[in-house]
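Participant: One file is attached below, protein.cif, containing mmCIF, C-alpha atoms.
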```cif
data_model
loop_
_atom_site.label_atom_id
_atom_site.label_comp_id
_atom_site.auth_asym_id
_atom_site.auth_seq_id
_atom_site.Cartn_x
_atom_site.Cartn_y
_atom_site.Cartn_z
CA ASP A 1 104.05 105.38 90.36
CA ASN A 2 100.51 105.66 91.69
CA ALA A 3 99.94 101.97 91.04
CA GLN A 4 103.18 101.12 92.83
CA LEU A 5 102.17 103.29 95.81
CA SER A 6 98.72 101.68 95.92
CA LEU A 7 100.31 98.24 96.01
CA GLN A 8 102.64 99.27 98.84
CA GLN A 9 99.68 100.65 100.79
CA ALA A 10 97.69 97.47 100.27
CA GLN A 11 100.65 95.36 101.38
CA ALA A 12 101.16 97.58 104.45
CA SER A 13 97.47 97.27 105.33
CA LEU A 14 97.68 93.50 105.05
CA ALA A 15 100.79 93.40 107.25
CA SER A 16 99.14 95.68 109.83
CA LEU A 17 95.99 93.55 109.85
CA GLN A 18 98.01 90.38 110.34
CA ALA A 19 99.94 92.01 113.22
CA ASN A 20 96.77 93.25 114.93
CA GLN A 21 95.11 89.89 114.52
CA ALA A 22 98.13 88.14 115.98
CA LYS A 23 98.13 90.52 118.97
CA ALA A 24 94.39 90.12 119.56
CA SER A 25 94.68 86.36 119.24
CA ALA A 26 97.52 86.27 121.75
CA THR A 27 95.54 88.42 124.20
CA LEU A 28 92.51 86.19 123.83
CA ARG A 29 94.57 83.06 124.39
CA SER A 30 96.01 84.63 127.55
CA GLN A 31 92.52 85.46 128.79
CA ILE A 32 91.34 81.91 128.10
CA ALA A 33 94.36 80.52 129.95
CA SER A 34 93.65 82.79 132.92
CA ALA A 35 89.95 81.86 132.91
CA GLN A 36 90.87 78.19 132.71
CA ALA A 37 93.16 78.61 135.75
CA SER A 38 90.33 80.29 137.65
CA LEU A 39 88.03 77.45 136.63
CA ASP A 40 90.50 74.86 137.88
CA ALA A 41 90.82 76.75 141.24
CA ALA A 42 87.05 77.02 141.54
CA GLN A 43 86.70 73.33 140.79
CA ARG A 44 89.22 72.45 143.52
CA ALA A 45 87.53 74.83 146.01
CA TYR A 46 84.14 73.31 145.23
CA ASP A 47 85.45 69.77 145.63
CA THR A 48 87.06 70.68 148.96
CA GLN A 49 83.95 72.43 150.24
CA ARG A 50 81.75 69.52 149.23
CA THR A 51 83.97 67.16 151.21
CA THR A 52 83.84 69.53 154.18
CA THR A 53 80.04 69.78 153.99
CA GLU A 54 79.65 66.02 153.90
CA LEU A 55 81.97 65.67 156.91
CA THR A 56 80.03 68.32 158.84
CA ARG A 57 76.79 66.48 158.15
CA THR A 58 78.34 63.26 159.43
CA LEU A 59 79.56 64.97 162.59
CA PHE A 60 76.13 66.52 163.08
CA GLY A 61 74.64 63.02 163.00
CA LEU A 62 77.13 61.93 165.63
CA GLY A 63 76.32 64.92 167.77
CA SER A 64 79.77 66.49 167.28
CA ALA A 65 78.54 69.41 165.11
CA SER A 66 75.69 71.81 165.51
CA ALA A 67 72.96 72.65 163.05
CA SER A 68 74.59 76.01 162.61
CA ASP A 69 77.83 74.32 161.53
CA VAL A 70 75.89 72.30 158.94
CA GLN A 71 74.18 75.43 157.59
CA ASN A 72 77.46 77.31 157.33
CA ALA A 73 79.07 74.41 155.46
CA GLN A 74 76.09 74.20 153.11
CA ASP A 75 76.25 77.97 152.41
CA ALA A 76 79.99 77.73 151.68
CA LEU A 77 79.30 74.85 149.23
CA SER A 78 76.63 76.90 147.47
CA ASN A 79 79.09 79.79 147.12
CA ALA A 80 81.79 77.47 145.74
CA ALA A 81 79.28 76.09 143.22
CA GLY A 82 78.40 79.61 142.12
CA THR A 83 82.04 80.51 141.67
CA LEU A 84 82.63 77.28 139.68
CA ASN A 85 79.68 77.95 137.35
CA ALA A 86 80.86 81.54 136.78
CA ALA A 87 84.35 80.26 135.91
CA LYS A 88 82.91 77.71 133.45
CA THR A 89 80.78 80.41 131.82
CA SER A 90 83.80 82.68 131.49
CA VAL A 91 85.86 79.96 129.81
CA SER A 92 83.01 79.00 127.47
CA THR A 93 82.42 82.65 126.53
CA LEU A 94 86.09 83.28 125.79
CA GLN A 95 86.36 80.08 123.70
CA ALA A 96 83.27 81.05 121.68
CA THR A 97 84.74 84.50 121.20
CA GLN A 98 87.98 82.91 119.99
CA GLN A 99 86.12 80.89 117.34
CA LEU A 100 84.13 83.88 116.12
CA GLN A 101 87.24 86.02 116.06
CA ALA A 102 89.12 83.39 114.02
CA ALA A 103 86.33 83.32 111.41
CA ALA A 104 86.23 87.13 111.26
CA ASP A 105 90.02 87.26 110.97
CA GLN A 106 89.95 84.86 108.00
CA GLN A 107 87.39 87.04 106.19
CA ASP A 108 89.42 90.19 106.91
CA LEU A 109 92.60 88.51 105.68
CA ALA A 110 90.90 87.32 102.47
CA SER A 111 89.59 90.82 101.81
CA SER A 112 92.97 92.40 102.45
CA ARG A 113 94.76 89.85 100.24
CA LEU A 114 92.27 90.57 97.45
CA SER A 115 93.15 94.24 97.77
CA VAL A 116 96.82 93.35 97.39
CA ALA A 117 96.08 91.14 94.36
CA GLN A 118 94.05 93.93 92.75
CA ALA A 119 96.86 96.41 93.41
CA GLU A 120 99.36 93.97 91.84
CA LEU A 121 97.14 93.64 88.78
CA ASN A 122 96.79 97.39 88.51
CA LEU A 123 100.56 97.77 88.73
CA LYS A 124 101.09 95.10 86.07
CA THR A 125 98.61 96.87 83.78
CA ALA A 126 100.32 100.20 84.38
CA GLN A 127 103.72 98.66 83.62
CA GLN A 128 102.38 97.11 80.39
CA ASN A 129 100.84 100.43 79.41
CA LEU A 130 104.18 102.11 80.04
CA THR A 131 105.96 99.47 77.95
CA ASP A 132 103.44 99.97 75.15
CA THR A 133 104.41 103.62 74.87
CA SER A 134 107.70 102.46 73.30
CA LEU A 135 107.47 101.44 69.64
CA ASP A 136 109.83 98.70 68.46
CA ALA A 137 110.09 97.60 64.85
CA PRO A 138 109.62 93.82 64.50
CA PHE A 139 112.55 93.70 62.06
CA ALA A 140 115.49 95.78 60.90
CA GLY A 141 114.51 97.89 57.92
CA THR A 142 114.12 101.34 56.43
CA VAL A 143 111.55 103.94 57.46
CA SER A 144 109.45 104.67 54.39
CA ALA A 145 106.79 106.91 55.96
CA VAL A 146 106.24 108.90 59.16
CA ASN A 147 102.58 109.66 59.80
CA ALA A 148 102.76 111.43 63.18
CA ALA A 149 104.62 114.31 64.76
CA VAL A 150 105.85 114.87 68.31
CA GLY A 151 103.10 116.36 70.47
CA GLU A 152 100.21 115.05 68.38
CA THR A 153 97.57 112.78 69.87
CA ALA A 154 97.53 109.38 68.17
CA GLY A 155 94.38 107.31 68.12
CA VAL A 156 94.24 103.59 68.77
CA GLY A 157 95.28 101.64 65.68
CA THR A 158 96.94 104.63 64.01
CA ALA A 159 99.98 103.77 61.90
CA LEU A 160 102.68 106.13 63.19
CA VAL A 161 105.68 104.85 61.20
CA THR A 162 105.97 102.55 58.22
CA VAL A 163 109.09 100.38 58.02
CA VAL A 164 110.03 98.25 55.03
CA ASP A 165 112.48 95.37 54.93
CA ASP A 166 114.10 95.79 51.51
CA ALA A 167 116.79 93.16 52.06
CA THR A 168 114.28 90.79 50.46
CA VAL A 169 111.59 91.97 48.06
CA GLN A 170 108.60 90.15 46.63
CA LEU A 171 107.20 90.14 43.13
CA ALA A 172 103.49 89.39 42.80
CA ALA A 173 103.50 87.63 39.45
CA GLN A 174 100.33 86.94 37.48
CA ILE A 175 100.09 83.36 36.18
CA ALA A 176 97.40 82.18 33.78
CA GLU A 177 95.15 79.36 34.90
CA VAL A 178 96.52 77.06 32.18
CA ASP A 179 100.03 77.41 33.61
CA VAL A 180 99.50 77.68 37.36
CA THR A 181 99.27 73.89 37.80
CA GLN A 182 102.94 73.68 36.76
CA VAL A 183 104.03 76.12 39.48
CA ALA A 184 104.97 74.95 42.99
CA VAL A 185 106.35 76.59 46.11
CA GLY A 186 110.13 76.38 46.18
CA GLN A 187 110.68 76.56 42.41
CA ALA A 188 113.49 78.82 41.24
CA ALA A 189 112.84 81.85 39.09
CA SER A 190 114.79 84.39 37.06
CA VAL A 191 113.37 87.88 37.50
CA SER A 192 113.96 90.96 35.37
CA PHE A 193 112.74 94.49 36.03
CA ASP A 194 112.01 97.38 33.74
CA ALA A 195 114.28 99.58 35.87
CA THR A 196 117.26 97.18 35.63
CA THR A 197 117.22 95.95 32.05
CA THR A 198 120.84 94.79 32.10
CA ARG A 199 120.50 92.57 35.13
CA THR A 200 118.40 89.64 36.24
CA PHE A 201 117.77 88.51 39.80
CA ALA A 202 117.45 85.05 41.28
CA GLY A 203 114.17 84.37 43.03
CA ARG A 204 112.12 81.56 44.50
CA VAL A 205 108.37 80.92 44.64
CA SER A 206 107.17 81.41 48.22
CA SER A 207 103.38 81.24 47.86
CA ILE A 208 100.61 80.63 45.35
CA ALA A 209 97.14 82.17 45.66
CA PRO A 210 94.55 79.46 46.38
CA THR A 211 91.88 81.23 44.30
CA ALA A 212 91.85 83.17 41.06
CA THR A 213 91.49 86.93 40.65
CA LEU A 214 89.66 88.37 37.67
CA VAL A 215 91.82 90.83 35.75
CA SER A 216 90.03 92.29 32.71
CA ASN A 217 87.55 89.44 33.19
CA ILE A 218 90.35 86.88 32.84
CA PRO A 219 91.14 84.59 35.78
CA ILE A 220 94.74 84.82 36.90
CA TYR A 221 96.60 83.54 39.95
CA TYR A 222 99.04 85.63 41.93
CA VAL A 223 102.30 83.86 42.63
CA THR A 224 104.72 85.46 45.10
CA VAL A 225 108.40 85.29 44.22
CA ASP A 226 110.95 86.20 46.91
CA ILE A 227 114.05 88.00 45.63
CA ALA A 228 117.23 88.69 47.58
CA ASN A 229 118.06 92.41 47.49
CA ALA A 230 121.15 92.70 49.67
CA ASP A 231 122.52 95.65 47.69
CA HIS A 232 119.13 97.45 47.83
CA THR A 233 119.00 97.86 44.07
CA LEU A 234 115.33 96.98 43.90
CA ARG A 235 112.71 99.29 45.39
CA GLY A 236 109.06 98.88 46.24
CA GLY A 237 106.69 99.51 43.36
CA MET A 238 109.01 98.42 40.56
CA THR A 239 107.47 96.27 37.83
CA GLY A 240 109.04 93.22 36.28
CA GLN A 241 108.47 89.68 35.15
CA ALA A 242 109.59 86.30 36.42
CA ASN A 243 110.52 83.20 34.46
CA ILE A 244 109.72 80.30 36.75
CA VAL A 245 111.61 77.03 36.37
CA THR A 246 108.94 74.35 36.28
CA ARG A 247 111.08 71.51 34.95
CA GLU A 248 114.79 70.73 34.55
CA ILE A 249 116.19 68.04 32.26
CA GLN A 250 119.85 67.05 32.22
CA ASN A 251 122.01 66.22 29.18
CA THR A 252 119.91 67.93 26.51
CA PHE A 253 120.90 69.50 23.20
CA GLN A 254 119.20 71.63 20.58
CA VAL A 255 118.84 71.15 16.84
CA PRO A 256 116.68 72.96 14.28
CA ALA A 257 113.12 71.68 14.37
CA ARG A 258 113.38 70.61 10.71
CA ALA A 259 116.15 68.17 11.65
CA VAL A 260 113.80 66.01 13.71
CA ARG A 261 111.87 63.33 11.89
CA SER A 262 108.89 61.37 13.19
CA LEU A 263 108.97 57.65 12.57
CA ASP A 264 106.88 54.82 14.04
CA GLY A 265 105.60 56.98 16.89
CA GLY A 266 109.14 58.09 17.83
CA SER A 267 111.62 60.74 16.78
CA GLN A 268 115.04 60.54 15.15
CA VAL A 269 117.73 62.69 13.61
CA LEU A 270 120.14 61.84 10.84
CA VAL A 271 123.71 62.19 12.10
CA ARG A 272 126.63 62.51 9.69
CA GLN A 273 129.15 59.71 9.97
CA SER A 274 132.89 59.84 9.38
CA ASP A 275 132.47 58.59 5.80
CA GLY A 276 130.00 61.39 5.02
CA SER A 277 126.88 59.27 5.19
CA TYR A 278 123.96 59.90 7.58
CA ALA A 279 122.71 57.37 10.08
CA PRO A 280 119.43 57.65 12.01
CA VAL A 281 119.67 58.08 15.80
CA HIS A 282 116.59 57.80 17.99
CA VAL A 283 116.00 60.84 20.22
CA ALA A 284 113.29 62.19 22.52
CA VAL A 285 111.83 65.68 22.08
CA VAL A 286 111.49 67.25 25.54
CA GLY A 287 110.65 70.84 24.55
CA THR A 288 111.21 73.72 22.19
CA SER A 289 113.40 76.82 22.23
CA GLY A 290 112.47 79.22 19.47
CA ILE A 291 112.90 77.45 16.12
CA ASN A 292 114.90 74.65 17.74
CA ASN A 293 113.81 71.43 19.37
CA VAL A 294 115.34 70.39 22.68
CA LEU A 295 116.30 66.72 22.60
CA THR A 296 117.83 63.94 24.63
CA GLY A 297 119.57 60.98 23.09
CA PRO A 298 122.93 59.43 22.12
CA VAL A 299 124.09 62.23 19.84
CA PRO A 300 127.71 63.38 20.50
CA ASP A 301 128.66 66.99 21.08
CA GLY A 302 129.29 68.93 17.88
CA ALA A 303 127.71 66.30 15.63
CA ALA A 304 126.32 67.43 12.28
CA VAL A 305 122.68 66.54 11.61
CA LEU A 306 120.67 66.67 8.43
CA VAL A 307 118.26 69.60 8.58
CA SER A 308 115.99 68.65 5.70
CA GLY A 309 115.07 65.04 5.89
CA ASP A 310 113.31 65.21 2.53
CA SER A 311 115.82 66.48 0.03
CA GLY A 312 118.96 66.93 2.08
CA THR A 313 119.65 70.12 0.18
CA SER A 314 118.19 72.95 2.29
CA GLY A 315 120.34 74.51 5.04
CA THR A 316 119.74 76.24 8.33
CA SER A 317 118.83 79.95 8.37
CA GLY A 318 119.38 80.20 4.64
CA ASN A 319 122.82 78.53 4.61
CA PRO A 320 123.40 76.18 1.66
CA PRO A 321 124.70 73.11 3.58
CA ALA A 322 121.97 70.64 4.37
CA GLN A 323 123.20 70.09 7.93
CA GLY A 324 123.19 71.72 11.34
CA THR A 325 125.35 71.32 14.43
CA THR A 326 123.92 70.12 17.70
CA GLN A 327 123.97 72.72 20.46
CA ARG A 328 124.45 70.80 23.69
CA ARG A 329 124.22 72.48 27.08
CA ASN A 330 124.59 70.82 30.44
CA GLY A 331 121.18 71.00 32.01
CA ALA A 332 118.84 72.84 29.66
CA ILE A 333 116.22 74.46 31.90
CA PRO A 334 112.61 74.80 30.73
CA PHE A 335 110.43 77.69 31.86
CA GLY A 336 106.67 77.79 32.52
CA GLY A 337 104.39 80.31 30.88
CA GLY A 338 106.03 80.35 27.46
CA GLY A 339 107.17 76.77 27.21
CA GLY A 340 110.69 77.95 26.29
CA PHE A 341 114.05 76.62 27.42
CA ARG A 342 117.09 78.27 28.92
CA SER A 343 120.47 76.60 28.84
CA PRO A 344 123.26 77.45 31.27
CA PRO A 345 126.59 78.51 29.75
CA PRO A 346 128.57 75.57 28.28
CA ARG A 347 131.16 73.98 30.52
#
```
Take the structure from the file and write it as C-alpha cells.
Facilitator:
Amino acid sequence: DNAQLSLQQAQASLASLQANQAKASATLRSQIASAQASLDAAQRAYDTQRTTTELTRTLFGLGSASASDVQNAQDALSNAAGTLNAAKTSVSTLQATQQLQAAADQQDLASSRLSVAQAELNLKTAQQNLTDTSLDAPFAGTVSAVNAAVGETAGVGTALVTVVDDATVQLAAQIAEVDVTQVAVGQAASVSFDATTTRTFAGRVSSIAPTATLVSNIPIYYVTVDIANADHTLRGGMTGQANIVTREIQNTFQVPARAVRSLDGGSQVLVRQSDGSYAPVHVAVVGTSGINNVLTGPVPDGAAVLVSGDSGTSGTSGNPPAQGTTQRRNGAIPFGGGGGFRSPPPR
C-alpha cells in the first residue's frame, strides 16, 4: 500500500509539474508576443519619425522650417530610436528566457519521470514480495513433513513443507561396471520389493550415472528406474531390485543344456522324427536360463530332442527317457545382471 501511494504521489507530482510548466510557457509566449507587438510599433514610430526628420531638414534648407523645428524633429527621432532599442532588448530577453526555461523544464521533467519510474519499480518489488509470501507446490502430491508452525519466523532458504509425488516412484539400482554398458535409458524393467513379495512392478530406466560410486571399495553405477505407483502401494524408502531388459529375441525356445551339441563351430540338437529316429537340426544358442539353453532355429513346438548326445540313454532331471521336450515361448526376454531369460506366458 505504501508503494502504491508513493507511486500515486510521484505521478501527481509529475502531472502538477507538467501543468505548471505549460502555464509558465503559455505566459512567457504571451509576454513575447506582447513585446514583439511593442517592437513592431516602435519600429513603425521610428521609421515615421525618421521620415519626418528628413523632411524637416529639407524644409529647413529651403527656408520653410526653422532651426528649432529641425532640433525638435531630431530629438523626437532620438526618442523613437531609444524606444525601438528598448523593445528589441525586451524581445531578446524574453526569447532567451524562453530557451533557458525550456532546458530547465526538460531537466525537471526527466527528474520527475525518474521518480515515477522508481516508484513503479518499488511497487513491482512490493507486489512480488507479497506474491512470494504464498507457497505453491510445483506439483500435486502428499505432504510428508511440516517443518514450521504458524507464528514462527522462517529464515531465507528454510524448507517449510516437504511434498512428495508418489504417483511415480524411483528406484536407485546399483549396477556393476561389467553390466552397465548393456543398460540404456528407456529400457524396460521388472521391479520387485521386499515389502510386496507377491507382486512385481513395471518400470523403465530414466537415467544412468555418468561416473561410478565406490561401495565397499567396489565401483558401481546408479541407474534410476521410474515406476508407476498410481495405487500408492509403494512408499519412499522401500528396498527392492530391478531386472532390466537389455535384449529381446523373438521366436526362441528352451531345451536342457545337455541336448545341445557343438559341431563344426555351430550348434545342433537331435530331434525325434515320426519313425522314432533322430535327425540333427542346426540351432543358435542365444542365452541360458538356469540349466536350459535358449535357442533359435527350425525346431517345431513340442518336439522331442535327445538330451544325451553320447549314449542316448540318460534322461532329463533323472527321468529314464533319453529325450526332452522343447519349451517354446513367444519372445523370450533376456535380463542384464544375471544373464538369465524370462519368457512371457505361452499364447
Participant: Written as an MDAnalysis selection string, what is the full residue list that the PyMOL selection byres ((chain A and resi 210) around 10) yields on the file shown?
Facilitator: chainID A and resid 207:209 211:213 221:223
Participant: One number please: atom CA of Val281 of chain A to atom CA of Ser267 of chain A, in Å, one decimal.
Facilitator: 8.5 Å
Participant: Could you tell me how far atom CA of Lys23 of chain A sits from atom CA of Val116 of chain A, in Å to one decimal place?
Facilitator: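 Atom CA of Val116 of chain A sits 21.8 Å away from atom CA of Lys23 of chain A.
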Participant: So the first atom is atom CA of Gln11 of chain A and the second is atom CA of Lys124 of chain A; what is the distance between them in Å, to one decimal place?
Facilitator: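 A separation of 15.3 Å between them.
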Participant: Evaluate the PyMOL selection byres ((chain A and resi 233-236) around 9) and record the selected residues as a list in words, following the chain and residue labels used in the document.
Facilitator: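 Here the PyMOL selection byres ((chain A and resi 233-236) around 9) matches Val164, Asp166, Val169, Gln170, Phe193, Ala195, Thr196, Asn229, Ala230, Asp231, His232, Gly237, Met238 and Thr239 of chain A.
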Participant: Considering only C-alpha atoms, return as a PyMOL selection string whatever protein or nucleic-acid residues lie within 9 Å of Val70 of chain A, sequence-local ones (same chain, fewer than 5 positions apart) excluded.
Facilitator: chain A and resi 53-54+56-57+59-60+65+75
Participant: Taking all atoms listed in the file into account, name the residue in A:Leu295, A:Ala228, A:Leu84, A:Ala117 that is nearest to Gln268 of chain A.
Facilitator: A:Leu295
